Every structure is written in C-alpha cells, then in structure tokens.
Amino acid sequence: MTESRTVAILGGGVGGVVTARTLRKRLPDKHRVIIVDRERDHLFAPSLLWLMTGQRKASKIQRPLSRLTKRGIEVIHGEIERIEPATRRVHLTDQDLDADYLVVSLGAELAPETIPGLAEAGHNFYTLPGAESLRDALDEFTGGRIVVLTATPAYKCPAAPYEAAMLINDYCRRRGIGDETHVDLYAAEPGPMGVTGPEVSQGVRDMVENAGISFHPEHQVVEVDPQARHITFGNGTTADFDLLAYVPPHRAPLAVRDSGLVDDSGWIPVHPGTMDTRYPGLYAIGDITGILLKMGKPLPMAGVFAERQAEVVAHNIAAEITGTGASKEFNGHGECFIETGGGKAGFGGGNFYAEPTPQIKLRKVGRRWHLGKVLFEKNWFRKNF
Ligand SMILES: Cc1cc2nc3c(=O)[nH]c(=O)nc-3n(C[C@H](O)[C@H](O)[C@H](O)COP(=O)(O)OP(=O)(O)OC[C@H]3O[C@@H](n4cnc5c(N)ncnc54)[C@H](O)[C@@H]3O)c2cc1C
C-alpha cells in the first residue's frame, strides 16, 4: 500500500485545471490534489477576442475554480509569494504548503508598464479588464485609425493579435463605420507566427492584408504618448492612432523569477517530453516553460501545449504514485483556429518538434473552423468544470 501523497498544482489556468482533472481521475481518493490560484475564477482566454467585439459576456467565459471541489480537488485561493524548488515548499501570503509533487503552471505575467506610456494609451486585450475596456471604446468609436500593436516578438498565442485586427476590422464594417475606419497592425516580429515557417506565415499575412488591414512588421515600440496618441518605434518611424489595442511584453511571474527556477531565457527549462525540471518531483508546463526547438526558436506559448503537457505530467505522476502504467511524453503536436471575422476562421496545426523545422499546415478559411472554435469553447467548460 502506498502512503498518501500530495500533489500541489500552482496555477488554475489551462495547464493547472487539466493537470488537476487528469490526476483526480487517475489517483485513488487517499492522495491529495491541490490547486492554487490568486484568482477565484478560471478564464478561458481565447474567448477574450469575442468579448472585445461584443460576442461574449464575461460571465460566459469564466467559471469559479471552487467548482473543482466537487471532483475531489482541493482549491486554495491565494497569492504564491515564493517557491522552494529543492524542498517543494510553497509560501503563500498566509500559509505554507508542502508537496510530494509540484506542478508549476503559473503562465506568463504581462508587463505593459515596461514600455513608457503604453498602459495609459491603449487597451490590453490579453486581460479581461482590457478586453472589456476595448469593447466599450469600440462601441463608442465613430471612425478613425485603429492600431493593433505587439510590443515584443514573442507572446502567448501567436495568432491572437492577427485575429484581433481582423475581428476589429469586421466589427467596424458590421457597425457601418468601415469606410471611415482604417486598421493598422504594427508588429515587433518579422511576420505572423514565425515558428510555423514562411508558407504559413505568408498565409496568415495574406488573410490580414486581404481584409484591408495594413501590416507593418519589425516595428518595435519604444514609447507611446497617450495625450498626443503617438507611437515611436525603434526603427525611427512613428504612428498616430485614435484607438490602440496592444499585446504587452511577457515575463515569468515574480514568484518564479525569485525561485531560481528560470534560466537566462527568463523561463523555466524543462525536458521537452516529460516536462521534468532539474529538481526531482517538480514539473513545469505551459507558458512558464522555455523549450528551445531545433530551429533555434522557442516553442510558442499556447493553451493547446499547456493542455497536452498537463495530460502527460498528470499521467506520469499518477503512474509513479500508483506504480501502474508506462510513462508518456509530450510529442510537440498542436493546432489553433485563426478567427478572420464574418463567422469564419482558418486553422493551422502540425508537429512543432519536427526537425529541422516544425511541419505545420494551414487550412483554408471557412465556416467550419469558426464553428470548431465555438464547439471547443463549449467542450472546454463541459470537460473541466
Ligand atoms: C486573447 C488570447 C487568446 C488566446 N487564444 C488561444 C488559442 O486560440 N489557442 C491556444 O492554444 N491558446 C490561446 N491563448 C493562450 C492561452 O490562453 C495560454 O497559452 C494558456 O492559458 C497557458 O496556460 P498556463 O496554464 O501556462 O497559464 P495560464 O492559463 O495563464 O494560468 C496561469 C495561472 O496562474 C495564476 N498565477 C500566476 N501567478 C500567480 C501567483 N503568484 N499566485 C497565484 N496564482 C498565480 C494566474 O492567475 C493564472 O490563473 C490565448 C491567450 C490570449 C490572451
């Protein structure tokens, strides 16, 4: 008989809830599964893009994490202040937690304040409050120049800003202000979804430009003047705007940076298959990890990877505790929908671990991919909550 074990999962986002659910299914009741998050609600981030154009309400895209208790998962609401990787001790604001296994799925912290003027000047649609303020601003918008901006070349869901620009453009047309509005997309990166290869990147760029959006790659924002509504880029160019929607710089959360878990990349290095860290019993999954692909670029941050890595880690922890089943590895496969507006979407996917470069295919824009994303959202909540 194995003794009771405790698995603590840090973060109740995509990776965290999938780890908890999978573990609870596989582990006998005497073993504890604990999930910790500072938020009371789990947010399904892909739907923020629909929320900002009025197609979703906040209540529709969130669920209370406390619902997981029905499945036998212990939920702790609290701020993680420090992690001791060697002892697997976690310090929360008002308690400490000791675990036999620790799964770190704390995602990426958003840092708009690192670019002068950015937070004051625009809407950070990567957060719920930012997507809501963008929705309100779009609602009052009567025409002019809308800028969608990526503040750094690497950010979670590499398709999202491109989808955002197309959905905003489509929204303005539907509201009858399309002729008086122009959407510009200024990107820090050389092209959309660079890791997927030149063909897919060009395919997404075509979607954006065919919608009438002007695309400006390799524009690294240096500062924004909120009063003058003026952006200065590192390459010496500038741009004016009436409405600004942006993707902010990302970094590891402070508790992770302070724990000694990150390397020079700023993210947690892991084994690309098992998600082991260099500390026994400590795994990291999702956006917080840094996995360098053979091509020399990191695996993009995306929920699809967090989900699949979570399933592997939960399976392997359960196999070790119960002494049953062979261990598994994450194989680098992932896919995503690319919303284009008008009830349509494209779809890209394949093997990101393929060598020497990822093997990704882009499918033609159509209604079925949009419906696929709607179904995915529905299933997400049904499966996990
Ligand atoms: C607009 C948008 C659209 C997207 N669309 C897609 C898509 O279509 N497909 C796709 O695959 N991905 C998409 N993503 C990306 C996806 O949401 C993330 O990659 C995914 O959520 C990562 O999961 P994670 O578990 O690593 O982190 P998260 O889901 O971000 O979870 C991290 C959790 O940790 C908690 N936390 C952090 N620090 C602390 C602390 N100190 N104390 C306590 N709790 C803490 C946070 O509150 C959060 O709940 C999108 C993201 C955005 C913003």
# chains A, B, ... in the order shown; residues from 1 in each chain; ligands from 1
>>> residues_around(residues="range 214-222 of chain A", least_positions_apart="2", cutoff="6 Å", atoms="only C-alpha atoms", output="list in words")
Ala151, Asp184, Leu185, Tyr186, Ala187, Ala188, Glu189, Pro190, Gly191, Thr232, Phe233 and Gly234 of chain A
>>> write_last_selection(atoms="N, CA and C atoms", output="compact mmCIF listing (two decimals), in the first residue's frame")
# COMPACT_ATOMS: atom_id res chain seq x y z
N ALA A 151 3.98 44.38 -28.63
CA ALA A 151 5.09 45.15 -28.03
C ALA A 151 6.42 44.40 -28.06
N ASP A 184 -4.53 49.36 -38.67
CA ASP A 184 -3.10 49.12 -38.92
C ASP A 184 -2.59 48.14 -37.88
N LEU A 185 -1.81 47.18 -38.31
CA LEU A 185 -1.21 46.22 -37.36
C LEU A 185 0.29 46.43 -37.37
N TYR A 186 0.82 46.93 -36.24
CA TYR A 186 2.27 47.11 -36.09
C TYR A 186 2.81 45.98 -35.23
N ALA A 187 3.73 45.18 -35.81
CA ALA A 187 4.23 44.00 -35.11
C ALA A 187 5.72 44.13 -34.84
N ALA A 188 6.14 43.71 -33.66
CA ALA A 188 7.57 43.70 -33.35
C ALA A 188 8.27 42.60 -34.15
N GLU A 189 7.51 41.54 -34.47
CA GLU A 189 8.09 40.38 -35.16
C GLU A 189 8.12 40.60 -36.68
N PRO A 190 8.95 39.79 -37.40
CA PRO A 190 9.05 39.96 -38.86
C PRO A 190 7.81 39.50 -39.62
N GLY A 191 6.99 38.65 -39.01
CA GLY A 191 5.79 38.17 -39.69
C GLY A 191 4.95 37.36 -38.74
N THR A 232 6.20 55.83 -30.95
CA THR A 232 7.56 55.91 -31.51
C THR A 232 8.15 54.50 -31.54
N PHE A 233 8.71 54.14 -32.70
CA PHE A 233 9.30 52.81 -32.85
C PHE A 233 10.83 52.90 -32.88
N GLY A 234 11.45 51.75 -32.57
CA GLY A 234 12.91 51.69 -32.52
C GLY A 234 13.58 51.93 -33.86
>>> residues_near_ligand(ligand="ligand 1", cutoff="7 Å", atoms="only C-alpha atoms and all ligand atoms", output="number ranges by chain")
A: 10-16, 36-39, 42, 44-49, 78-81, 105-109, 125-127, 156-157, 160, 253-255, 285-288, 301-306, 336-337
>>> select_by_dssp(residues="range 193-253 of chain A", states="strand (DSSP E or B)", output="ChimeraX atom specification")
/A:214-216,221-225,230-233,238-240,243-247,250-251
>>> write_last_selection(atoms="C-alpha atoms", output="PDB file, in the first residue's frame")
ATOM      1  CA  SER A 214      -2.154  47.459 -43.286  1.00  0.00           C
ATOM      2  CA  PHE A 215       0.581  45.255 -41.832  1.00  0.00           C
ATOM      3  CA  HIS A 216       3.845  46.782 -40.600  1.00  0.00           C
ATOM      4  CA  VAL A 221       7.578  50.135 -29.909  1.00  0.00           C
ATOM      5  CA  VAL A 222       9.845  52.304 -27.765  1.00  0.00           C
ATOM      6  CA  GLU A 223       7.310  54.653 -26.214  1.00  0.00           C
ATOM      7  CA  VAL A 224       3.761  55.904 -26.576  1.00  0.00           C
ATOM      8  CA  ASP A 225       2.487  59.412 -25.917  1.00  0.00           C
ATOM      9  CA  HIS A 230       1.535  58.931 -30.932  1.00  0.00           C
ATOM     10  CA  ILE A 231       3.774  55.830 -31.078  1.00  0.00           C
ATOM     11  CA  THR A 232       7.559  55.908 -31.511  1.00  0.00           C
ATOM     12  CA  PHE A 233       9.298  52.813 -32.853  1.00  0.00           C
ATOM     13  CA  THR A 238       6.196  56.852 -35.797  1.00  0.00           C
ATOM     14  CA  ALA A 239       2.440  56.245 -35.986  1.00  0.00           C
ATOM     15  CA  ASP A 240      -0.652  58.099 -34.811  1.00  0.00           C
ATOM     16  CA  LEU A 243      -7.716  53.811 -30.696  1.00  0.00           C
ATOM     17  CA  LEU A 244      -4.896  51.497 -29.580  1.00  0.00           C
ATOM     18  CA  ALA A 245      -5.187  47.781 -28.753  1.00  0.00           C
ATOM     19  CA  TYR A 246      -1.974  46.080 -27.707  1.00  0.00           C
ATOM     20  CA  VAL A 247      -0.257  42.851 -26.660  1.00  0.00           C
ATOM     21  CA  HIS A 250       5.525  38.989 -21.186  1.00  0.00           C
ATOM     22  CA  ARG A 251       7.780  37.682 -18.408  1.00  0.00           C
TER      23      ARG A 251
END
>>> atom_distance(atom1="CA of Leu282 in chain A", atom2="CA of Gly323 in chain A")
18.3 Å
>>> select_by_dssp(residues="range 220-378 of chain A", states="alpha helix (DSSP H)", output="MDAnalysis selection string")
chainID A and resid 254:257 303:322 367:378
>>> residues_around(residues="Leu51 in chain A", least_positions_apart="6", cutoff="8 Å", atoms="only C-alpha atoms", output="ChimeraX atom specification")
/A:57-58,131-132,135
>>> closest_residue(among="A:Val147, A:Ile9, A:Leu362, A:Ala318", to="Val204 in chain A", atoms="only C-alpha atoms")
A:Leu362
>>> closest_residue(among="A:Leu43, A:Ile291, A:Val374, A:Ile338", to="Phe352 in chain A", atoms="only C-alpha atoms")
A:Ile291
>>> closest_residue(among="A:Asn235, A:Thr22, A:Thr53, A:Ser66", to="Gln309 in chain A", atoms="only C-alpha atoms")
A:Thr22
>>> residues_around(residues="Pro356 in chain A", least_positions_apart="3", cutoff="12 Å", atoms="only C-alpha atoms", output="PyMOL selection string")
chain A and resi 195+197+293-297+351-353+359
>>> closest_residue(among="A:Asp136, A:Glu199, A:Glu74, A:Asp264", to="Ala20 in chain A", atoms="only C-alpha atoms")
A:Glu74
